[in-house]
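Coordinates from run07.pdb are shown below (PDB, N, CA and C atoms).
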```pdb
ATOM      1  N   MET A 252      17.524   1.296   3.613
ATOM      2  CA  MET A 252      17.768  -0.061   4.050
ATOM      3  C   MET A 252      16.666  -0.549   4.996
ATOM      4  N   ILE A 253      16.098   0.373   5.761
ATOM      5  CA  ILE A 253      15.088  -0.039   6.734
ATOM      6  C   ILE A 253      13.797  -0.482   6.048
ATOM      7  N   ARG A 254      13.456   0.121   4.912
ATOM      8  CA  ARG A 254      12.205  -0.223   4.244
ATOM      9  C   ARG A 254      12.177  -1.676   3.775
ATOM     10  N   PRO A 255      13.219  -2.201   3.126
ATOM     11  CA  PRO A 255      13.170  -3.621   2.745
ATOM     12  C   PRO A 255      13.078  -4.558   3.951
ATOM     13  N   VAL A 256      13.745  -4.201   5.033
ATOM     14  CA  VAL A 256      13.696  -5.037   6.232
ATOM     15  C   VAL A 256      12.283  -5.043   6.807
ATOM     16  N   LEU A 257      11.679  -3.861   6.928
ATOM     17  CA  LEU A 257      10.312  -3.786   7.448
ATOM     18  C   LEU A 257       9.323  -4.459   6.507
ATOM     19  N   THR A 258       9.572  -4.389   5.211
ATOM     20  CA  THR A 258       8.706  -5.071   4.247
ATOM     21  C   THR A 258       8.757  -6.574   4.467
ATOM     22  N   GLU A 259       9.928  -7.126   4.642
ATOM     23  CA  GLU A 259      10.068  -8.567   4.859
ATOM     24  C   GLU A 259       9.472  -8.991   6.198
ATOM     25  N   ILE A 260       9.623  -8.164   7.226
ATOM     26  CA  ILE A 260       9.000  -8.476   8.518
ATOM     27  C   ILE A 260       7.487  -8.465   8.380
ATOM     28  N   GLY A 261       6.958  -7.487   7.649
ATOM     29  CA  GLY A 261       5.514  -7.432   7.407
ATOM     30  C   GLY A 261       5.021  -8.648   6.642
ATOM     31  N   ILE A 262       5.771  -9.060   5.634
ATOM     32  CA  ILE A 262       5.406 -10.250   4.868
ATOM     33  C   ILE A 262       5.434 -11.488   5.773
ATOM     34  N   PHE A 263       6.417 -11.559   6.672
ATOM     35  CA  PHE A 263       6.515 -12.697   7.583
ATOM     36  C   PHE A 263       5.306 -12.766   8.518
ATOM     37  N   LEU A 264       4.788 -11.625   8.930
ATOM     38  CA  LEU A 264       3.686 -11.595   9.888
ATOM     39  C   LEU A 264       2.315 -11.866   9.265
ATOM     40  N   ILE A 265       2.204 -11.818   7.945
ATOM     41  CA  ILE A 265       0.907 -11.987   7.269
ATOM     42  C   ILE A 265       0.187 -13.281   7.672
ATOM     43  N   PRO A 266       0.810 -14.462   7.625
ATOM     44  CA  PRO A 266       0.072 -15.682   7.998
ATOM     45  C   PRO A 266      -0.438 -15.663   9.441
ATOM     46  N   PHE A 267       0.351 -15.096  10.352
ATOM     47  CA  PHE A 267      -0.060 -15.038  11.748
ATOM     48  C   PHE A 267      -1.254 -14.100  11.934
ATOM     49  N   VAL A 268      -1.242 -12.988  11.228
ATOM     50  CA  VAL A 268      -2.357 -12.041  11.306
ATOM     51  C   VAL A 268      -3.621 -12.662  10.713
ATOM     52  N   VAL A 269      -3.484 -13.351   9.593
ATOM     53  CA  VAL A 269      -4.647 -13.997   8.967
ATOM     54  C   VAL A 269      -5.225 -15.054   9.911
ATOM     55  N   TYR A 270      -4.364 -15.834  10.564
ATOM     56  CA  TYR A 270      -4.847 -16.850  11.508
ATOM     57  C   TYR A 270      -5.527 -16.189  12.712
ATOM     58  N   ALA A 271      -4.956 -15.103  13.203
ATOM     59  CA  ALA A 271      -5.573 -14.386  14.324
ATOM     60  C   ALA A 271      -6.936 -13.823  13.922
ATOM     61  N   LEU A 272      -7.056 -13.300  12.709
ATOM     62  CA  LEU A 272      -8.349 -12.817  12.229
ATOM     63  C   LEU A 272      -9.344 -13.964  12.104
ATOM     64  N   PHE A 273      -8.871 -15.131  11.660
ATOM     65  CA  PHE A 273      -9.738 -16.318  11.596
ATOM     66  C   PHE A 273     -10.239 -16.692  12.981
ATOM     67  N   LEU A 274      -9.345 -16.693  13.967
ATOM     68  CA  LEU A 274      -9.753 -17.018  15.331
ATOM     69  C   LEU A 274     -10.750 -16.001  15.867
ATOM     70  N   ALA A 275     -10.523 -14.732  15.567
ATOM     71  CA  ALA A 275     -11.449 -13.688  16.019
ATOM     72  C   ALA A 275     -12.806 -13.835  15.342
ATOM     73  N   ALA A 276     -12.808 -14.175  14.061
ATOM     74  CA  ALA A 276     -14.066 -14.309  13.324
ATOM     75  C   ALA A 276     -14.870 -15.515  13.791
ATOM     76  N   THR A 277     -14.183 -16.584  14.179
ATOM     77  CA  THR A 277     -14.884 -17.780  14.642
ATOM     78  C   THR A 277     -15.147 -17.744  16.144
ATOM     79  N   ARG A 278     -14.769 -16.652  16.764
ATOM     80  CA  ARG A 278     -14.971 -16.447  18.211
ATOM     81  C   ARG A 278     -14.295 -17.532  19.044
ATOM     82  N   SER A 279     -13.200 -18.037  18.515
ATOM     83  CA  SER A 279     -12.370 -18.949  19.300
ATOM     84  C   SER A 279     -11.536 -18.089  20.238
ATOM     85  N   GLY A 280     -10.931 -18.706  21.192
ATOM     86  CA  GLY A 280     -10.112 -17.941  22.131
ATOM     87  C   GLY A 280      -8.849 -17.434  21.452
ATOM     88  N   LEU A 281      -8.860 -16.181  21.044
ATOM     89  CA  LEU A 281      -7.717 -15.610  20.333
ATOM     90  C   LEU A 281      -6.455 -15.655  21.188
ATOM     91  N   PHE A 282      -6.601 -15.380  22.474
ATOM     92  CA  PHE A 282      -5.439 -15.361  23.360
ATOM     93  C   PHE A 282      -5.302 -16.646  24.167
ATOM     94  N   ALA A 283      -6.154 -17.622  23.888
ATOM     95  CA  ALA A 283      -6.068 -18.900  24.588
ATOM     96  C   ALA A 283      -4.902 -19.714  24.038
ATOM     97  N   ARG A 284      -4.177 -20.305  24.918
ATOM     98  CA  ARG A 284      -3.010 -21.096  24.513
ATOM     99  C   ARG A 284      -3.417 -22.277  23.626
ATOM    100  N   SER A 285      -4.619 -22.812  23.847
ATOM    101  CA  SER A 285      -5.073 -23.961  23.065
ATOM    102  C   SER A 285      -5.371 -23.599  21.605
ATOM    103  N   SER A 286      -5.552 -22.324  21.301
ATOM    104  CA  SER A 286      -5.799 -21.894  19.921
ATOM    105  C   SER A 286      -4.519 -21.788  19.106
ATOM    106  N   TRP A 287      -3.373 -21.835  19.775
ATOM    107  CA  TRP A 287      -2.084 -21.689  19.105
ATOM    108  C   TRP A 287      -1.194 -22.911  19.392
ATOM    109  N   PRO A 288      -1.630 -24.111  18.972
ATOM    110  CA  PRO A 288      -0.773 -25.284  19.213
ATOM    111  C   PRO A 288       0.531 -25.184  18.409
ATOM    112  N   VAL A 289       1.515 -25.919  18.874
ATOM    113  CA  VAL A 289       2.847 -25.865  18.259
ATOM    114  C   VAL A 289       2.793 -26.236  16.782
ATOM    115  N   THR A 290       1.986 -27.207  16.422
ATOM    116  CA  THR A 290       1.921 -27.621  15.014
ATOM    117  C   THR A 290       1.381 -26.499  14.130
ATOM    118  N   VAL A 291       0.374 -25.774  14.610
ATOM    119  CA  VAL A 291      -0.189 -24.671  13.825
ATOM    120  C   VAL A 291       0.833 -23.544  13.699
ATOM    121  N   VAL A 292       1.491 -23.206  14.794
ATOM    122  CA  VAL A 292       2.504 -22.143  14.762
ATOM    123  C   VAL A 292       3.658 -22.546  13.847
ATOM    124  N   ALA A 293       4.055 -23.802  13.870
ATOM    125  CA  ALA A 293       5.134 -24.274  12.994
ATOM    126  C   ALA A 293       4.724 -24.165  11.524
ATOM    127  N   ARG A 294       3.487 -24.538  11.218
ATOM    128  CA  ARG A 294       3.017 -24.421   9.833
ATOM    129  C   ARG A 294       2.933 -22.962   9.403
ATOM    130  N   LEU A 295       2.450 -22.108  10.297
ATOM    131  CA  LEU A 295       2.392 -20.678   9.981
ATOM    132  C   LEU A 295       3.797 -20.116   9.742
ATOM    133  N   ALA A 296       4.752 -20.544  10.552
ATOM    134  CA  ALA A 296       6.135 -20.090  10.377
ATOM    135  C   ALA A 296       6.709 -20.582   9.055
ATOM    136  N   LEU A 297       6.389 -21.808   8.683
ATOM    137  CA  LEU A 297       6.861 -22.349   7.406
ATOM    138  C   LEU A 297       6.280 -21.554   6.234
ATOM    139  N   VAL A 298       4.983 -21.290   6.281
ATOM    140  CA  VAL A 298       4.345 -20.486   5.225
ATOM    141  C   VAL A 298       4.949 -19.084   5.205
ATOM    142  N   ALA A 299       5.209 -18.524   6.381
ATOM    143  CA  ALA A 299       5.801 -17.189   6.459
ATOM    144  C   ALA A 299       7.195 -17.171   5.825
ATOM    145  N   MET A 300       7.987 -18.197   6.094
ATOM    146  CA  MET A 300       9.335 -18.279   5.492
ATOM    147  C   MET A 300       9.257 -18.377   3.974
ATOM    148  N   VAL A 301       8.322 -19.161   3.481
ATOM    149  CA  VAL A 301       8.148 -19.283   2.029
ATOM    150  C   VAL A 301       7.760 -17.929   1.437
ATOM    151  N   LEU A 302       6.858 -17.204   2.099
ATOM    152  CA  LEU A 302       6.466 -15.883   1.614
ATOM    153  C   LEU A 302       7.636 -14.903   1.624
ATOM    154  N   VAL A 303       8.449 -14.947   2.668
ATOM    155  CA  VAL A 303       9.611 -14.056   2.745
ATOM    156  C   VAL A 303      10.605 -14.372   1.634
ATOM    157  N   ILE A 304      10.868 -15.651   1.401
ATOM    158  CA  ILE A 304      11.797 -16.030   0.332
ATOM    159  C   ILE A 304      11.250 -15.593  -1.025
ATOM    160  N   ALA A 305       9.951 -15.804  -1.237
ATOM    161  CA  ALA A 305       9.337 -15.373  -2.497
ATOM    162  C   ALA A 305       9.416 -13.845  -2.643
ATOM    163  N   GLY A 306       9.239 -13.136  -1.547
ATOM    164  CA  GLY A 306       9.366 -11.682  -1.585
ATOM    165  C   GLY A 306      10.776 -11.229  -1.919
ATOM    166  N   MET A 307      11.758 -11.888  -1.341
ATOM    167  CA  MET A 307      13.156 -11.544  -1.633
ATOM    168  C   MET A 307      13.510 -11.831  -3.085
ATOM    169  N   VAL A 308      13.058 -12.970  -3.577
ATOM    170  CA  VAL A 308      13.319 -13.314  -4.979
ATOM    171  C   VAL A 308      12.622 -12.308  -5.894
ATOM    172  N   GLY A 309      11.394 -11.964  -5.551
ATOM    173  CA  GLY A 309      10.659 -10.976  -6.357
ATOM    174  C   GLY A 309      11.339  -9.621  -6.364
ATOM    175  N   MET A 310      11.818  -9.180  -5.202
ATOM    176  CA  MET A 310      12.523  -7.894  -5.147
ATOM    177  C   MET A 310      13.816  -7.939  -5.960
ATOM    178  N   ALA A 311      14.521  -9.056  -5.858
ATOM    179  CA  ALA A 311      15.778  -9.176  -6.601
ATOM    180  C   ALA A 311      15.530  -9.225  -8.103
ATOM    181  N   HIS A 312      14.445  -9.875  -8.498
ATOM    182  CA  HIS A 312      14.178 -10.056  -9.923
ATOM    183  C   HIS A 312      13.526  -8.828 -10.550
ATOM    184  N   TYR A 313      12.546  -8.241  -9.873
ATOM    185  CA  TYR A 313      11.776  -7.150 -10.454
ATOM    186  C   TYR A 313      12.135  -5.768  -9.903
ATOM    187  N   GLY A 314      12.964  -5.708  -8.889
ATOM    188  CA  GLY A 314      13.341  -4.436  -8.293
ATOM    189  C   GLY A 314      14.300  -3.664  -9.188
ATOM    190  N   ALA A 315      14.582  -2.442  -8.790
ATOM    191  CA  ALA A 315      15.519  -1.611  -9.545
ATOM    192  C   ALA A 315      16.934  -2.163  -9.386
ATOM    193  N   GLY A 316      17.723  -2.037 -10.411
ATOM    194  CA  GLY A 316      19.096  -2.526 -10.383
ATOM    195  C   GLY A 316      19.976  -1.674  -9.493
ATOM    196  N   PRO A 317      21.144  -2.187  -9.135
ATOM    197  CA  PRO A 317      22.028  -1.455  -8.234
ATOM    198  C   PRO A 317      22.599  -0.176  -8.852
ATOM    199  N   ASP A 318      22.637  -0.090 -10.173
ATOM    200  CA  ASP A 318      23.181   1.111 -10.808
ATOM    201  C   ASP A 318      22.090   2.079 -11.248
ATOM    202  N   SER A 319      20.837   1.841 -10.835
ATOM    203  CA  SER A 319      19.751   2.735 -11.221
ATOM    204  C   SER A 319      19.744   3.979 -10.328
ATOM    205  N   THR A 320      19.165   5.039 -10.836
ATOM    206  CA  THR A 320      19.078   6.301 -10.116
ATOM    207  C   THR A 320      17.619   6.672  -9.965
ATOM    208  N   TYR A 321      17.225   7.037  -8.744
ATOM    209  CA  TYR A 321      15.855   7.443  -8.486
ATOM    210  C   TYR A 321      15.720   8.938  -8.746
ATOM    211  N   VAL A 322      14.749   9.298  -9.560
ATOM    212  CA  VAL A 322      14.436  10.702  -9.815
ATOM    213  C   VAL A 322      13.138  10.989  -9.073
ATOM    214  N   PRO A 323      13.171  11.826  -8.013
ATOM    215  CA  PRO A 323      11.976  12.069  -7.229
ATOM    216  C   PRO A 323      10.919  12.839  -8.014
ATOM    217  N   ALA A 324       9.686  12.770  -7.522
ATOM    218  CA  ALA A 324       8.605  13.525  -8.149
ATOM    219  C   ALA A 324       8.924  15.015  -8.073
ATOM    220  N   HIS A 325       8.539  15.733  -9.125
ATOM    221  CA  HIS A 325       8.805  17.168  -9.165
ATOM    222  C   HIS A 325       7.792  17.852 -10.079
ATOM    223  N   VAL A 326       7.875  19.165 -10.126
ATOM    224  CA  VAL A 326       6.982  19.957 -10.964
ATOM    225  C   VAL A 326       7.808  20.604 -12.073
ATOM    226  N   GLU A 327       7.392  20.386 -13.326
ATOM    227  CA  GLU A 327       8.032  21.008 -14.481
ATOM    228  C   GLU A 327       6.994  21.805 -15.244
ATOM    229  N   ASN A 328       7.233  23.076 -15.436
ATOM    230  CA  ASN A 328       6.329  23.956 -16.170
ATOM    231  C   ASN A 328       4.898  23.880 -15.635
ATOM    232  N   GLY A 329       4.769  23.796 -14.307
ATOM    233  CA  GLY A 329       3.461  23.757 -13.691
ATOM    234  C   GLY A 329       2.766  22.412 -13.753
ATOM    235  N   LYS A 330       3.435  21.387 -14.243
ATOM    236  CA  LYS A 330       2.847  20.040 -14.339
ATOM    237  C   LYS A 330       3.602  19.096 -13.398
ATOM    238  N   PHE A 331       2.843  18.245 -12.753
ATOM    239  CA  PHE A 331       3.423  17.261 -11.840
ATOM    240  C   PHE A 331       4.028  16.111 -12.635
ATOM    241  N   VAL A 332       5.278  15.789 -12.360
ATOM    242  CA  VAL A 332       5.966  14.663 -12.996
ATOM    243  C   VAL A 332       6.261  13.637 -11.910
ATOM    244  N   PRO A 333       5.684  12.420 -12.004
ATOM    245  CA  PRO A 333       5.909  11.432 -10.940
ATOM    246  C   PRO A 333       7.363  10.944 -10.922
ATOM    247  N   GLY A 334       7.769  10.402  -9.777
ATOM    248  CA  GLY A 334       9.117   9.874  -9.629
ATOM    249  C   GLY A 334       9.316   8.630 -10.482
ATOM    250  N   SER A 335      10.573   8.330 -10.797
ATOM    251  CA  SER A 335      10.860   7.164 -11.629
ATOM    252  C   SER A 335      12.281   6.667 -11.373
ATOM    253  N   GLN A 336      12.543   5.466 -11.837
ATOM    254  CA  GLN A 336      13.884   4.890 -11.791
ATOM    255  C   GLN A 336      14.522   5.053 -13.169
ATOM    256  N   LYS A 337      15.739   5.501 -13.192
ATOM    257  CA  LYS A 337      16.450   5.634 -14.481
ATOM    258  C   LYS A 337      17.758   4.918 -14.416
TER     259      LYS A 337
END
```

As structure tokens, what does this structure read like?
Amino acid sequence: MIRPVLTEIGIFLIPFVVYALFLAATRSGLFARSSWPVTVVARLALVAMVLVIAGMVGMAHYGAGPDSTYVPAHVENGKFVPGSQK
């Protein structure tokens, strides 16, 4: 359960990290309050919400079904068999 939550938090943080990298690359004041006006933060939050919703829809649509069983990676007859959903 923790992995999907952390995945969505990571997806939410992507726009903010990209903006911070932009500020660092342009040598603007990364920690200056003037570099993070409310309108920019609001737009970043809106983009982040859209990304999170798209991620949730993608997981629901393309993820494994609730009745699927995970078979972990293992070795059979000396050969590596990768994990899979069944």

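Evaluating the PyMOL selection byres (((chain A and resi 255 and name CA) around 12) and name CA) against the shown model yields Met252, Ile253, Arg254, Val256, Leu257, Thr258, Glu259, Ile260, Gly261, Ile262, Val303, Gly306, Met307, Gly309, Met310, Ala311 and Gly314 of chain A.
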
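On the file presented, the PyMOL selection byres ((chain A and resi 337) around 7) picks out A:Asp318, A:Ser319, A:Thr320, A:Tyr321, A:Val322, A:Ser335, A:Gln336.
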
Practice task
Just the strand (DSSP E) stuff from chain A, please, per backbone DSSP, written as an NGL selection string.
Solution key: :A and (321-322 or 325-327 or 330-332 or 335-336)

Practice task
Report as a count of residues only: the residues of chain A with a DSSP assignment of alpha helix (DSSP H), based on the backbone of this structure.
Solution key: 49

Once 6 Å is added on each side, what centre and edge lengths in Å to one decimal does the axis-aligned box around all listed atoms of segment 252-269 of chain A have, as AutoDock Vina command-line options?
```
--center_x 6.3 --center_y -7.2 --center_z 7.3 --size_x 35.0 --size_y 29.0 --size_z 21.2
```

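The space separating atom CA of Ala296 of chain A from atom CA of Val269 of chain A comes to 12.5 Å.
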
Only C-alpha atoms, please: chain A from the block, as a compact mmCIF listing (two decimals), in the first residue's frame.
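Written output follows (decode34.txt):
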```txt
# COMPACT_ATOMS: atom_id res chain seq x y z
CA MET A 252 0.00 0.00 0.00
CA ILE A 253 2.87 2.37 0.72
CA ARG A 254 4.35 2.08 -2.79
CA PRO A 255 1.30 3.51 -4.64
CA VAL A 256 1.08 6.36 -2.13
CA LEU A 257 4.78 7.21 -2.50
CA THR A 258 4.44 6.94 -6.28
CA GLU A 259 1.62 9.49 -6.30
CA ILE A 260 3.53 11.81 -3.96
CA GLY A 261 6.54 11.56 -6.28
CA ILE A 262 4.37 12.33 -9.29
CA PHE A 263 2.91 15.33 -7.44
CA LEU A 264 6.39 16.72 -6.72
CA ILE A 265 7.63 16.48 -10.35
CA PRO A 266 6.46 19.98 -11.49
CA PHE A 267 7.96 21.62 -8.40
CA VAL A 268 11.30 19.86 -8.90
CA VAL A 269 11.37 20.81 -12.59
CA TYR A 270 10.67 24.46 -11.70
CA ALA A 271 13.38 24.40 -9.02
CA LEU A 272 15.85 22.96 -11.55
CA PHE A 273 14.84 25.73 -13.98
CA LEU A 274 15.51 28.35 -11.31
CA ALA A 275 18.87 26.77 -10.50
CA ALA A 276 19.83 26.61 -14.18
CA THR A 277 18.94 30.25 -14.77
CA ARG A 278 20.74 31.26 -11.56
CA SER A 279 17.62 32.90 -10.23
CA GLY A 280 17.19 32.96 -6.50
CA LEU A 281 16.08 29.39 -5.85
CA PHE A 282 15.27 30.13 -2.22
CA ALA A 283 14.16 33.71 -2.81
CA ARG A 284 10.53 34.32 -2.04
CA SER A 285 10.17 36.38 -5.23
CA SER A 286 11.00 33.30 -7.35
CA TRP A 287 7.96 31.45 -5.99
CA PRO A 288 4.98 33.81 -6.47
CA VAL A 289 1.55 32.52 -5.54
CA THR A 290 0.41 32.35 -9.17
CA VAL A 291 3.35 30.15 -10.17
CA VAL A 292 2.88 27.85 -7.17
CA ALA A 293 -0.85 27.61 -7.92
CA ARG A 294 -0.15 26.67 -11.55
CA LEU A 295 2.44 24.11 -10.46
CA ALA A 296 -0.07 22.64 -8.01
CA LEU A 297 -2.72 22.46 -10.73
CA VAL A 298 -0.32 20.66 -13.10
CA ALA A 299 0.69 18.36 -10.24
CA MET A 300 -2.96 17.47 -9.54
CA VAL A 301 -3.55 16.70 -13.21
CA LEU A 302 -0.47 14.45 -13.23
CA VAL A 303 -1.63 12.64 -10.09
CA ILE A 304 -5.11 12.07 -11.52
CA ALA A 305 -3.60 10.81 -14.78
CA GLY A 306 -1.34 8.50 -12.78
CA MET A 307 -4.26 7.11 -10.81
CA VAL A 308 -6.30 6.54 -13.95
CA GLY A 309 -3.30 4.88 -15.60
CA MET A 310 -2.74 2.58 -12.62
CA ALA A 311 -6.42 1.67 -12.51
CA HIS A 312 -6.57 1.02 -16.24
CA TYR A 313 -3.23 -0.69 -16.90
CA GLY A 314 -2.37 -2.07 -13.46
CA ALA A 315 -2.88 -5.64 -12.33
CA GLY A 316 -6.43 -6.61 -11.45
CA PRO A 317 -7.55 -7.20 -7.88
CA ASP A 318 -7.77 -10.97 -8.41
CA SER A 319 -4.29 -11.29 -9.95
CA THR A 320 -1.50 -13.17 -8.20
CA TYR A 321 2.13 -12.05 -8.20
CA VAL A 322 4.66 -14.80 -8.85
CA PRO A 323 8.07 -13.58 -7.63
CA ALA A 324 11.27 -14.08 -9.60
CA HIS A 325 12.83 -17.48 -9.03
CA VAL A 326 15.30 -20.00 -10.42
CA GLU A 327 14.06 -23.11 -12.26
CA ASN A 328 16.55 -25.72 -13.45
CA GLY A 329 19.39 -23.24 -13.06
CA LYS A 330 17.65 -20.57 -15.17
CA PHE A 331 16.37 -17.25 -13.88
CA VAL A 332 12.62 -16.77 -14.36
CA PRO A 333 11.46 -13.14 -13.90
CA GLY A 334 8.45 -12.30 -11.75
CA SER A 335 5.03 -11.93 -13.35
CA GLN A 336 1.35 -11.30 -12.69
CA LYS A 337 -1.01 -14.22 -13.21
```
